[in-house]
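S.K.: This is the content of final.cif (mmCIF, N, CA and C atoms (P, O5', C5', C4', C3', O3' and C1' of nucleotides)):
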```
data_upload
loop_
_atom_site.label_atom_id
_atom_site.label_comp_id
_atom_site.auth_asym_id
_atom_site.auth_seq_id
_atom_site.Cartn_x
_atom_site.Cartn_y
_atom_site.Cartn_z
N MET A 1 -12.65 10.30 -6.60
CA MET A 1 -11.98 8.98 -6.66
C MET A 1 -11.69 8.48 -5.26
N PHE A 2 -11.49 9.41 -4.33
CA PHE A 2 -11.28 9.02 -2.95
C PHE A 2 -12.49 8.26 -2.42
N GLU A 3 -13.66 8.75 -2.79
CA GLU A 3 -14.89 8.10 -2.33
C GLU A 3 -14.95 6.67 -2.85
N ARG A 4 -14.48 6.51 -4.07
CA ARG A 4 -14.46 5.19 -4.71
C ARG A 4 -13.62 4.22 -3.88
N VAL A 5 -12.44 4.67 -3.52
CA VAL A 5 -11.55 3.84 -2.71
C VAL A 5 -12.17 3.55 -1.35
N ARG A 6 -12.68 4.60 -0.73
CA ARG A 6 -13.29 4.43 0.59
C ARG A 6 -14.44 3.44 0.53
N ASP A 7 -15.21 3.53 -0.53
CA ASP A 7 -16.36 2.64 -0.67
C ASP A 7 -15.92 1.18 -0.74
N VAL A 8 -14.88 0.95 -1.50
CA VAL A 8 -14.36 -0.41 -1.63
C VAL A 8 -13.88 -0.94 -0.29
N VAL A 9 -13.08 -0.14 0.40
CA VAL A 9 -12.55 -0.56 1.70
C VAL A 9 -13.68 -0.80 2.68
N ALA A 10 -14.66 0.08 2.65
CA ALA A 10 -15.78 -0.04 3.59
C ALA A 10 -16.60 -1.30 3.32
N SER A 11 -16.53 -1.80 2.12
CA SER A 11 -17.35 -2.96 1.75
C SER A 11 -16.64 -4.29 1.99
N ILE A 12 -15.43 -4.22 2.49
CA ILE A 12 -14.72 -5.46 2.81
C ILE A 12 -15.39 -6.14 4.00
N PRO A 13 -15.84 -7.37 3.81
CA PRO A 13 -16.51 -8.08 4.90
C PRO A 13 -15.58 -8.39 6.06
N THR A 14 -16.14 -8.45 7.25
CA THR A 14 -15.35 -8.79 8.43
C THR A 14 -14.69 -10.14 8.25
N GLY A 15 -13.45 -10.22 8.61
CA GLY A 15 -12.73 -11.47 8.49
C GLY A 15 -12.05 -11.64 7.15
N LYS A 16 -12.23 -10.63 6.27
CA LYS A 16 -11.57 -10.69 4.98
C LYS A 16 -10.59 -9.53 4.83
N VAL A 17 -9.63 -9.64 3.94
CA VAL A 17 -8.66 -8.58 3.72
C VAL A 17 -8.37 -8.41 2.23
N LEU A 18 -7.81 -7.26 1.90
CA LEU A 18 -7.41 -6.99 0.52
C LEU A 18 -6.04 -6.35 0.52
N SER A 19 -5.34 -6.49 -0.57
CA SER A 19 -4.06 -5.78 -0.69
C SER A 19 -4.36 -4.40 -1.28
N TYR A 20 -3.42 -3.50 -1.15
CA TYR A 20 -3.62 -2.15 -1.69
C TYR A 20 -3.87 -2.23 -3.19
N GLY A 21 -3.16 -3.12 -3.83
CA GLY A 21 -3.33 -3.29 -5.26
C GLY A 21 -4.73 -3.74 -5.60
N ASP A 22 -5.26 -4.63 -4.79
CA ASP A 22 -6.62 -5.12 -5.01
C ASP A 22 -7.63 -4.00 -4.86
N VAL A 23 -7.48 -3.24 -3.80
CA VAL A 23 -8.37 -2.11 -3.56
C VAL A 23 -8.29 -1.14 -4.73
N ALA A 24 -7.07 -0.86 -5.16
CA ALA A 24 -6.88 0.07 -6.27
C ALA A 24 -7.61 -0.44 -7.51
N LYS A 25 -7.51 -1.72 -7.76
CA LYS A 25 -8.14 -2.30 -8.94
C LYS A 25 -9.66 -2.24 -8.83
N ARG A 26 -10.17 -2.63 -7.68
CA ARG A 26 -11.62 -2.61 -7.47
C ARG A 26 -12.16 -1.18 -7.53
N ALA A 27 -11.38 -0.23 -7.03
CA ALA A 27 -11.83 1.16 -6.98
C ALA A 27 -11.62 1.85 -8.33
N GLY A 28 -10.85 1.20 -9.18
CA GLY A 28 -10.61 1.77 -10.49
C GLY A 28 -9.55 2.84 -10.51
N VAL A 29 -8.68 2.88 -9.50
CA VAL A 29 -7.60 3.85 -9.48
C VAL A 29 -6.34 3.25 -10.10
N SER A 30 -5.47 4.12 -10.54
CA SER A 30 -4.32 3.69 -11.32
C SER A 30 -3.18 3.08 -10.51
N SER A 31 -3.03 3.55 -9.31
CA SER A 31 -1.87 3.09 -8.54
C SER A 31 -2.22 2.78 -7.09
N PRO A 32 -1.70 1.70 -6.56
CA PRO A 32 -1.92 1.32 -5.17
C PRO A 32 -1.39 2.36 -4.20
N ARG A 33 -0.41 3.12 -4.60
CA ARG A 33 0.14 4.15 -3.71
C ARG A 33 -0.93 5.16 -3.37
N LEU A 34 -1.80 5.39 -4.32
CA LEU A 34 -2.90 6.32 -4.08
C LEU A 34 -3.74 5.85 -2.91
N VAL A 35 -4.05 4.56 -2.92
CA VAL A 35 -4.87 4.00 -1.86
C VAL A 35 -4.21 4.25 -0.50
N GLY A 36 -2.94 3.96 -0.43
CA GLY A 36 -2.22 4.18 0.81
C GLY A 36 -2.23 5.63 1.24
N ARG A 37 -2.00 6.50 0.28
CA ARG A 37 -1.95 7.92 0.60
C ARG A 37 -3.32 8.44 1.05
N ILE A 38 -4.33 8.02 0.32
CA ILE A 38 -5.70 8.43 0.67
C ILE A 38 -6.04 8.00 2.09
N MET A 39 -5.75 6.77 2.39
CA MET A 39 -6.07 6.25 3.71
C MET A 39 -5.26 6.94 4.79
N SER A 40 -4.04 7.29 4.46
CA SER A 40 -3.20 7.96 5.47
C SER A 40 -3.81 9.31 5.84
N GLU A 41 -4.54 9.91 4.90
CA GLU A 41 -5.17 11.19 5.17
C GLU A 41 -6.51 11.03 5.87
N ASP A 42 -7.31 10.09 5.36
CA ASP A 42 -8.66 9.96 5.89
C ASP A 42 -9.07 8.51 6.06
N THR A 43 -8.95 8.02 7.29
CA THR A 43 -9.35 6.65 7.59
C THR A 43 -10.57 6.67 8.49
N ALA A 44 -11.09 7.87 8.66
CA ALA A 44 -12.18 8.14 9.59
C ALA A 44 -13.04 6.93 9.95
N ASP A 45 -13.82 6.44 9.00
CA ASP A 45 -14.74 5.34 9.31
C ASP A 45 -14.37 4.05 8.60
N LEU A 46 -13.21 4.07 7.99
CA LEU A 46 -12.84 2.89 7.20
C LEU A 46 -12.16 1.81 8.02
N PRO A 47 -12.45 0.56 7.69
CA PRO A 47 -11.73 -0.56 8.31
C PRO A 47 -10.38 -0.72 7.64
N TRP A 48 -9.56 0.28 7.77
CA TRP A 48 -8.27 0.31 7.08
C TRP A 48 -7.38 -0.88 7.44
N HIS A 49 -7.68 -1.48 8.58
CA HIS A 49 -6.86 -2.62 9.02
C HIS A 49 -7.10 -3.85 8.15
N ARG A 50 -8.16 -3.79 7.35
CA ARG A 50 -8.42 -4.92 6.45
C ARG A 50 -7.67 -4.79 5.14
N VAL A 51 -6.84 -3.78 5.05
CA VAL A 51 -6.03 -3.58 3.85
C VAL A 51 -4.56 -3.75 4.19
N LEU A 52 -3.92 -4.71 3.55
CA LEU A 52 -2.51 -4.94 3.82
C LEU A 52 -1.72 -4.97 2.53
N ARG A 53 -0.41 -5.15 2.67
CA ARG A 53 0.43 -5.25 1.49
C ARG A 53 0.21 -6.60 0.82
N ALA A 54 0.66 -6.66 -0.43
CA ALA A 54 0.47 -7.87 -1.23
C ALA A 54 1.13 -9.08 -0.60
N ASN A 55 2.22 -8.87 0.12
CA ASN A 55 2.91 -10.00 0.73
C ASN A 55 2.38 -10.33 2.12
N GLY A 56 1.36 -9.62 2.56
CA GLY A 56 0.74 -9.94 3.83
C GLY A 56 1.33 -9.18 5.01
N THR A 57 2.29 -8.32 4.76
CA THR A 57 2.87 -7.54 5.86
C THR A 57 2.28 -6.12 5.86
N VAL A 58 2.63 -5.35 6.85
CA VAL A 58 2.15 -3.97 6.94
C VAL A 58 3.30 -3.05 7.34
N ALA A 59 3.11 -1.77 7.11
CA ALA A 59 4.14 -0.80 7.50
C ALA A 59 4.31 -0.82 9.01
N GLU A 60 5.47 -0.54 9.46
CA GLU A 60 5.80 -0.73 10.86
C GLU A 60 4.97 0.11 11.82
N HIS A 61 4.72 1.35 11.46
CA HIS A 61 3.97 2.22 12.38
C HIS A 61 2.53 1.76 12.56
N LEU A 62 2.09 0.87 11.69
CA LEU A 62 0.72 0.40 11.80
C LEU A 62 0.64 -1.04 12.28
N ARG A 63 1.72 -1.75 12.06
CA ARG A 63 1.74 -3.18 12.27
C ARG A 63 1.02 -3.65 13.54
N GLU A 64 1.35 -3.06 14.66
CA GLU A 64 0.75 -3.51 15.92
C GLU A 64 -0.77 -3.37 15.91
N ARG A 65 -1.22 -2.15 15.58
CA ARG A 65 -2.68 -1.92 15.54
C ARG A 65 -3.33 -2.83 14.51
N GLN A 66 -2.66 -2.93 13.37
CA GLN A 66 -3.17 -3.74 12.28
C GLN A 66 -3.41 -5.16 12.75
N LEU A 67 -2.39 -5.78 13.28
CA LEU A 67 -2.49 -7.16 13.71
C LEU A 67 -3.53 -7.33 14.80
N GLU A 68 -3.58 -6.36 15.70
CA GLU A 68 -4.54 -6.44 16.80
C GLU A 68 -5.97 -6.41 16.27
N ALA A 69 -6.20 -5.47 15.35
CA ALA A 69 -7.54 -5.33 14.78
C ALA A 69 -7.93 -6.59 14.01
N LEU A 70 -7.03 -7.10 13.23
CA LEU A 70 -7.31 -8.29 12.45
C LEU A 70 -7.54 -9.49 13.36
N ARG A 71 -6.77 -9.55 14.40
CA ARG A 71 -6.92 -10.63 15.37
C ARG A 71 -8.32 -10.60 15.97
N ALA A 72 -8.79 -9.37 16.20
CA ALA A 72 -10.12 -9.21 16.79
C ALA A 72 -11.22 -9.65 15.82
N GLU A 73 -10.89 -9.65 14.54
CA GLU A 73 -11.89 -10.04 13.54
C GLU A 73 -11.73 -11.47 13.08
N GLY A 74 -10.79 -12.16 13.67
CA GLY A 74 -10.63 -13.56 13.33
C GLY A 74 -9.56 -13.84 12.29
N VAL A 75 -8.92 -12.78 11.81
CA VAL A 75 -7.84 -12.96 10.84
C VAL A 75 -6.53 -13.04 11.59
N LEU A 76 -6.28 -14.21 12.13
CA LEU A 76 -5.10 -14.38 12.96
C LEU A 76 -3.84 -14.46 12.12
N ALA A 77 -2.80 -13.77 12.57
CA ALA A 77 -1.54 -13.77 11.85
C ALA A 77 -0.64 -14.88 12.38
N ASN A 78 0.01 -15.51 11.44
CA ASN A 78 0.96 -16.55 11.81
C ASN A 78 2.33 -15.91 12.03
N GLY A 79 2.39 -14.94 12.92
CA GLY A 79 3.60 -14.17 13.12
C GLY A 79 3.34 -12.74 12.73
N PRO A 80 4.33 -12.01 12.22
CA PRO A 80 4.18 -10.62 11.82
C PRO A 80 3.44 -10.47 10.51
N LYS A 81 3.17 -11.56 9.84
CA LYS A 81 2.49 -11.48 8.55
C LYS A 81 1.10 -12.11 8.60
N ILE A 82 0.27 -11.71 7.65
CA ILE A 82 -1.07 -12.28 7.54
C ILE A 82 -1.08 -13.32 6.43
N ASP A 83 -1.92 -14.31 6.58
CA ASP A 83 -2.04 -15.31 5.53
C ASP A 83 -3.03 -14.82 4.47
N MET A 84 -2.52 -14.12 3.49
CA MET A 84 -3.36 -13.54 2.45
C MET A 84 -4.14 -14.60 1.69
N ARG A 85 -3.48 -15.69 1.40
CA ARG A 85 -4.13 -16.75 0.61
C ARG A 85 -5.42 -17.22 1.26
N ALA A 86 -5.41 -17.21 2.58
CA ALA A 86 -6.57 -17.71 3.30
C ALA A 86 -7.63 -16.65 3.50
N HIS A 87 -7.21 -15.40 3.65
CA HIS A 87 -8.16 -14.35 4.02
C HIS A 87 -8.44 -13.34 2.92
N ARG A 88 -7.78 -13.45 1.80
CA ARG A 88 -7.98 -12.51 0.71
C ARG A 88 -9.43 -12.53 0.26
N TRP A 89 -10.03 -11.35 0.13
CA TRP A 89 -11.44 -11.23 -0.23
C TRP A 89 -11.62 -11.45 -1.74
N THR A 90 -12.19 -12.55 -2.06
CA THR A 90 -12.46 -12.84 -3.47
C THR A 90 -13.95 -13.06 -3.64
N THR A 91 -14.49 -12.43 -4.63
CA THR A 91 -15.94 -12.56 -4.83
C THR A 91 -16.33 -13.44 -5.97
P DA B 1 3.35 25.63 -14.69
"O5'" DA B 1 4.83 25.35 -14.15
"C5'" DA B 1 5.97 25.99 -14.77
"C4'" DA B 1 7.23 25.37 -14.19
"C3'" DA B 1 7.32 23.86 -14.38
"O3'" DA B 1 8.70 23.49 -14.44
"C1'" DA B 1 7.18 24.35 -12.09
P DG B 2 9.06 21.94 -14.81
"O5'" DG B 2 9.91 21.51 -13.53
"C5'" DG B 2 11.12 22.23 -13.23
"C4'" DG B 2 11.78 21.66 -11.99
"C3'" DG B 2 11.97 20.14 -12.03
"O3'" DG B 2 13.17 19.82 -11.32
"C1'" DG B 2 10.53 20.71 -10.25
P DT B 3 13.61 18.27 -11.10
"O5'" DT B 3 13.36 18.00 -9.54
"C5'" DT B 3 13.54 19.09 -8.63
"C4'" DT B 3 13.59 18.57 -7.21
"C3'" DT B 3 13.88 17.07 -7.05
"O3'" DT B 3 14.60 16.87 -5.84
"C1'" DT B 3 11.71 17.53 -6.28
P DT B 4 14.89 15.39 -5.25
"O5'" DT B 4 13.74 15.22 -4.16
"C5'" DT B 4 13.60 16.22 -3.16
"C4'" DT B 4 12.67 15.76 -2.05
"C3'" DT B 4 12.85 14.30 -1.64
"O3'" DT B 4 12.65 14.19 -0.24
"C1'" DT B 4 10.67 14.62 -2.45
P DT B 5 12.80 12.79 0.52
"O5'" DT B 5 11.30 12.31 0.65
"C5'" DT B 5 10.38 13.13 1.37
"C4'" DT B 5 9.03 12.43 1.47
"C3'" DT B 5 9.10 10.92 1.74
"O3'" DT B 5 8.06 10.54 2.61
"C1'" DT B 5 7.88 11.33 -0.19
P DG B 6 8.54 9.74 3.99
"O5'" DG B 6 7.59 8.45 4.01
"C5'" DG B 6 7.05 7.91 2.86
"C4'" DG B 6 5.53 7.87 2.99
"C3'" DG B 6 5.00 6.45 3.02
"O3'" DG B 6 3.78 6.37 3.76
"C1'" DG B 6 4.48 7.52 0.96
P DA B 7 4.12 5.86 5.32
"O5'" DA B 7 3.58 4.40 5.51
"C5'" DA B 7 2.34 4.19 5.39
"C4'" DA B 7 1.97 2.84 4.83
"C3'" DA B 7 1.57 2.92 3.37
"O3'" DA B 7 1.56 1.63 2.79
"C1'" DA B 7 -0.32 2.80 4.77
P DC B 8 2.89 1.08 2.11
"O5'" DC B 8 2.40 0.99 0.60
"C5'" DC B 8 1.04 0.88 0.24
"C4'" DC B 8 0.91 0.18 -1.12
"C3'" DC B 8 1.44 -1.25 -1.11
"O3'" DC B 8 0.60 -2.09 -1.88
"C1'" DC B 8 2.60 0.02 -2.71
P DT B 9 0.99 -3.63 -2.03
"O5'" DT B 9 1.68 -3.60 -3.47
"C5'" DT B 9 0.92 -3.11 -4.56
"C4'" DT B 9 1.50 -3.64 -5.85
"C3'" DT B 9 1.90 -5.11 -5.82
"O3'" DT B 9 1.60 -5.68 -7.08
"C1'" DT B 9 3.81 -3.77 -6.30
P DA B 10 1.66 -7.29 -7.26
"O5'" DA B 10 2.70 -7.46 -8.46
"C5'" DA B 10 2.70 -6.52 -9.52
"C4'" DA B 10 4.00 -6.65 -10.31
"C3'" DA B 10 4.49 -8.09 -10.43
"O3'" DA B 10 5.02 -8.26 -11.74
"C1'" DA B 10 6.16 -6.77 -9.38
P DA B 11 5.66 -9.68 -12.14
"O5'" DA B 11 7.20 -9.26 -12.25
"C5'" DA B 11 7.55 -8.05 -12.95
"C4'" DA B 11 9.07 -7.90 -12.98
"C3'" DA B 11 9.82 -9.22 -13.18
"O3'" DA B 11 10.98 -8.97 -13.96
"C1'" DA B 11 10.48 -8.25 -11.14
P DC B 12 11.80 -10.25 -14.61
"O5'" DC B 12 13.25 -10.12 -13.95
"C5'" DC B 12 13.39 -9.50 -12.70
"C4'" DC B 12 14.82 -9.13 -12.44
"C3'" DC B 12 15.79 -10.30 -12.50
"O3'" DC B 12 17.10 -9.85 -12.79
"C1'" DC B 12 15.48 -9.61 -10.25
P DG B 13 18.29 -11.00 -12.90
"O5'" DG B 13 18.93 -10.91 -11.44
"C5'" DG B 13 19.39 -9.65 -10.94
"C4'" DG B 13 20.24 -9.86 -9.69
"C3'" DG B 13 21.09 -11.13 -9.74
"O3'" DG B 13 22.28 -10.95 -8.98
"C1'" DG B 13 19.50 -11.32 -8.01
P DT C 1 9.48 -18.50 1.81
"O5'" DT C 1 10.80 -17.68 2.23
"C5'" DT C 1 11.65 -18.13 3.27
"C4'" DT C 1 12.69 -17.05 3.52
"C3'" DT C 1 12.04 -15.67 3.67
"O3'" DT C 1 12.77 -14.94 4.65
"C1'" DT C 1 13.52 -15.63 1.84
P DC C 2 12.25 -13.45 5.07
"O5'" DC C 2 13.33 -12.46 4.44
"C5'" DC C 2 14.70 -12.63 4.79
"C4'" DC C 2 15.57 -11.59 4.08
"C3'" DC C 2 15.02 -10.17 4.13
"O3'" DC C 2 16.09 -9.25 4.30
"C1'" DC C 2 15.27 -10.82 1.88
P DG C 3 15.84 -7.67 4.48
"O5'" DG C 3 16.54 -7.10 3.17
"C5'" DG C 3 17.96 -7.17 3.05
"C4'" DG C 3 18.44 -6.57 1.74
"C3'" DG C 3 18.01 -5.11 1.53
"O3'" DG C 3 19.08 -4.39 0.92
"C1'" DG C 3 17.18 -6.45 -0.23
P DT C 4 18.90 -2.87 0.48
"O5'" DT C 4 18.63 -3.00 -1.09
"C5'" DT C 4 19.51 -3.79 -1.87
"C4'" DT C 4 19.30 -3.53 -3.37
"C3'" DT C 4 18.97 -2.08 -3.75
"O3'" DT C 4 19.60 -1.77 -4.98
"C1'" DT C 4 17.21 -3.49 -4.41
P DT C 5 19.29 -0.41 -5.77
"O5'" DT C 5 18.09 -0.85 -6.72
"C5'" DT C 5 18.30 -1.91 -7.66
"C4'" DT C 5 17.53 -1.63 -8.93
"C3'" DT C 5 17.32 -0.15 -9.26
"O3'" DT C 5 17.29 0.02 -10.67
"C1'" DT C 5 15.24 -1.15 -8.73
P DA C 6 17.00 1.50 -11.26
"O5'" DA C 6 15.50 1.33 -11.76
"C5'" DA C 6 15.15 0.18 -12.53
"C4'" DA C 6 13.67 0.22 -12.88
"C3'" DA C 6 13.15 1.59 -13.31
"O3'" DA C 6 12.15 1.40 -14.30
"C1'" DA C 6 11.98 0.89 -11.43
P DG C 7 11.51 2.66 -15.05
"O5'" DG C 7 9.98 2.59 -14.56
"C5'" DG C 7 9.23 1.41 -14.82
"C4'" DG C 7 7.84 1.54 -14.22
"C3'" DG C 7 7.20 2.92 -14.44
"O3'" DG C 7 5.87 2.76 -14.88
"C1'" DG C 7 7.19 2.37 -12.15
P DC C 8 5.09 4.10 -15.34
"O5'" DC C 8 4.16 4.38 -14.06
"C5'" DC C 8 3.28 3.38 -13.59
"C4'" DC C 8 2.62 3.81 -12.28
"C3'" DC C 8 2.27 5.29 -12.24
"O3'" DC C 8 0.97 5.49 -12.76
"C1'" DC C 8 3.32 4.58 -10.20
P DC C 9 0.57 6.98 -13.17
"O5'" DC C 9 0.00 7.62 -11.82
"C5'" DC C 9 -1.00 6.94 -11.11
"C4'" DC C 9 -1.52 7.78 -9.96
"C3'" DC C 9 -1.74 9.24 -10.30
"O3'" DC C 9 -2.95 9.69 -9.72
"C1'" DC C 9 -0.14 9.03 -8.54
P DA C 10 -3.41 11.22 -10.04
"O5'" DA C 10 -3.11 11.90 -8.64
"C5'" DA C 10 -3.76 11.38 -7.49
"C4'" DA C 10 -3.26 12.05 -6.24
"C3'" DA C 10 -3.35 13.58 -6.28
"O3'" DA C 10 -3.82 14.05 -5.03
"C1'" DA C 10 -1.13 12.92 -5.82
P DA C 11 -4.14 15.58 -4.83
"O5'" DA C 11 -3.12 15.89 -3.64
"C5'" DA C 11 -3.20 15.09 -2.46
"C4'" DA C 11 -2.03 15.38 -1.54
"C3'" DA C 11 -1.91 16.86 -1.17
"O3'" DA C 11 -1.53 16.92 0.19
"C1'" DA C 11 0.08 16.10 -2.17
P DA C 12 -1.44 18.39 0.93
"O5'" DA C 12 0.12 18.54 1.16
"C5'" DA C 12 0.85 17.47 1.74
"C4'" DA C 12 2.30 17.88 1.94
"C3'" DA C 12 2.48 19.34 2.34
"O3'" DA C 12 3.60 19.45 3.20
"C1'" DA C 12 3.52 18.95 0.26
P DC C 13 3.83 20.92 3.98
"O5'" DC C 13 5.11 21.51 3.28
"C5'" DC C 13 5.58 20.93 2.08
"C4'" DC C 13 7.08 21.05 1.98
"C3'" DC C 13 7.59 22.48 2.21
"O3'" DC C 13 8.95 22.45 2.56
"C1'" DC C 13 7.65 21.94 -0.10
#
```
As structure tokens, how would this structure be written, given the file I've shared?
M.R.:
Amino acid sequence: MFERVRDVVASIPTGKVLSYGDVAKRAGVSSPRLVGRIMSEDTADLPWHRVLRANGTVAEHLRERQLEALRAEGVLANGPKIDMRAHRWTT
DNA sequence: AGTTTGACTAACG
DNA sequence: TCGTTAGCCAAAC
């Protein structure tokens, strides 16, 4: 199931983002916490910065890197939060 | 085997 | 808009 989650995250196009809940749903896992936990263990090649909370914020220990990475991909934050409505990956 | 802990979310106040 | 509560799964103690 970890592979499933990783696959979903890896398939997020540059400039787009997903919430943990979205990733969980796409990956077919039961809880968004799983996604977070999985990524905390193994983010090796994943664009983990493209995954944020549903409200567009991120955990503090990641926030700086997160925003920096997203900024580099064109997902500019209007402050400490990301504009999910604009950048949410919808297919 | 039971408790604690997270890169979480949705619902309430 | 921000803090709290309850529900959630798997790993670490």
S.K.: Provide as a ChimeraX atom specification the residues of chain A at most 6 Å from chain C, counting all atoms listed in the file.
M.R.: /A:30-31,34
S.K.: With a distance threshold of 7 Å and counting only N, CA and C atoms (P, O5', C5', C4', C3', O3' and C1' of nucleotides), extract the residues of chain A near chain B and express them as a list in words.
M.R.: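 Close enough to count are Ser19, Tyr20, Gly21, Asp22, Pro32, Arg33, Leu34, Val35, Gly36, Arg37, Met39, Ser40, Leu52, Arg53, Ala54, Asn55, Val58, Ala59, Glu60 and His61 of chain A.
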S.K.: Just to confirm, what's the straight-line distance from atom C of Pro80 (chain A) to atom C of Arg50 (chain A) in Å (one decimal)?
M.R.: 13.6 Å
S.K.: Would you list, as an MDAnalysis selection string, the residues of chain A that end up in helix (DSSP H, G or I) under DSSP run on this structure's backbone?
M.R.: chainID A and resid 2:10 20:27 32:41 48:50 60:72 84:87
S.K.: Which residues would end up in the selection if the PyMOL selection byres (((chain A and resi 43 and name CA+C1') around 12) and name CA+C1') were applied here, given that I need the answer as a PyMOL selection string?
M.R.: (chain A and resi 2-3+5-7+9-10+35-42+44-51) or (chain B and resi 7)
S.K.: What residues come out when you apply the PyMOL selection byres ((chain A and resi 68-74) around 7) to this file, written as a list in words?
M.R.: Thr14, Gly15, Lys16, His49, Arg50, Arg63, Glu64, Arg65, Gln66, Leu67, Val75, Leu76 and Ala77 of chain A
S.K.: So the first atom is atom N of Thr57 (chain A) and the second is atom N of Lys25 (chain A); what is the distance between them in Å, to one decimal place?
M.R.: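 It comes out at 17.2 Å.
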S.K.: If you measure from atom C of Gly56 (chain A) to atom N of Val17 (chain A), what distance in Å do you get, rounded to one decimal?
M.R.: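 Here the two named atoms are 11.0 Å from each other.
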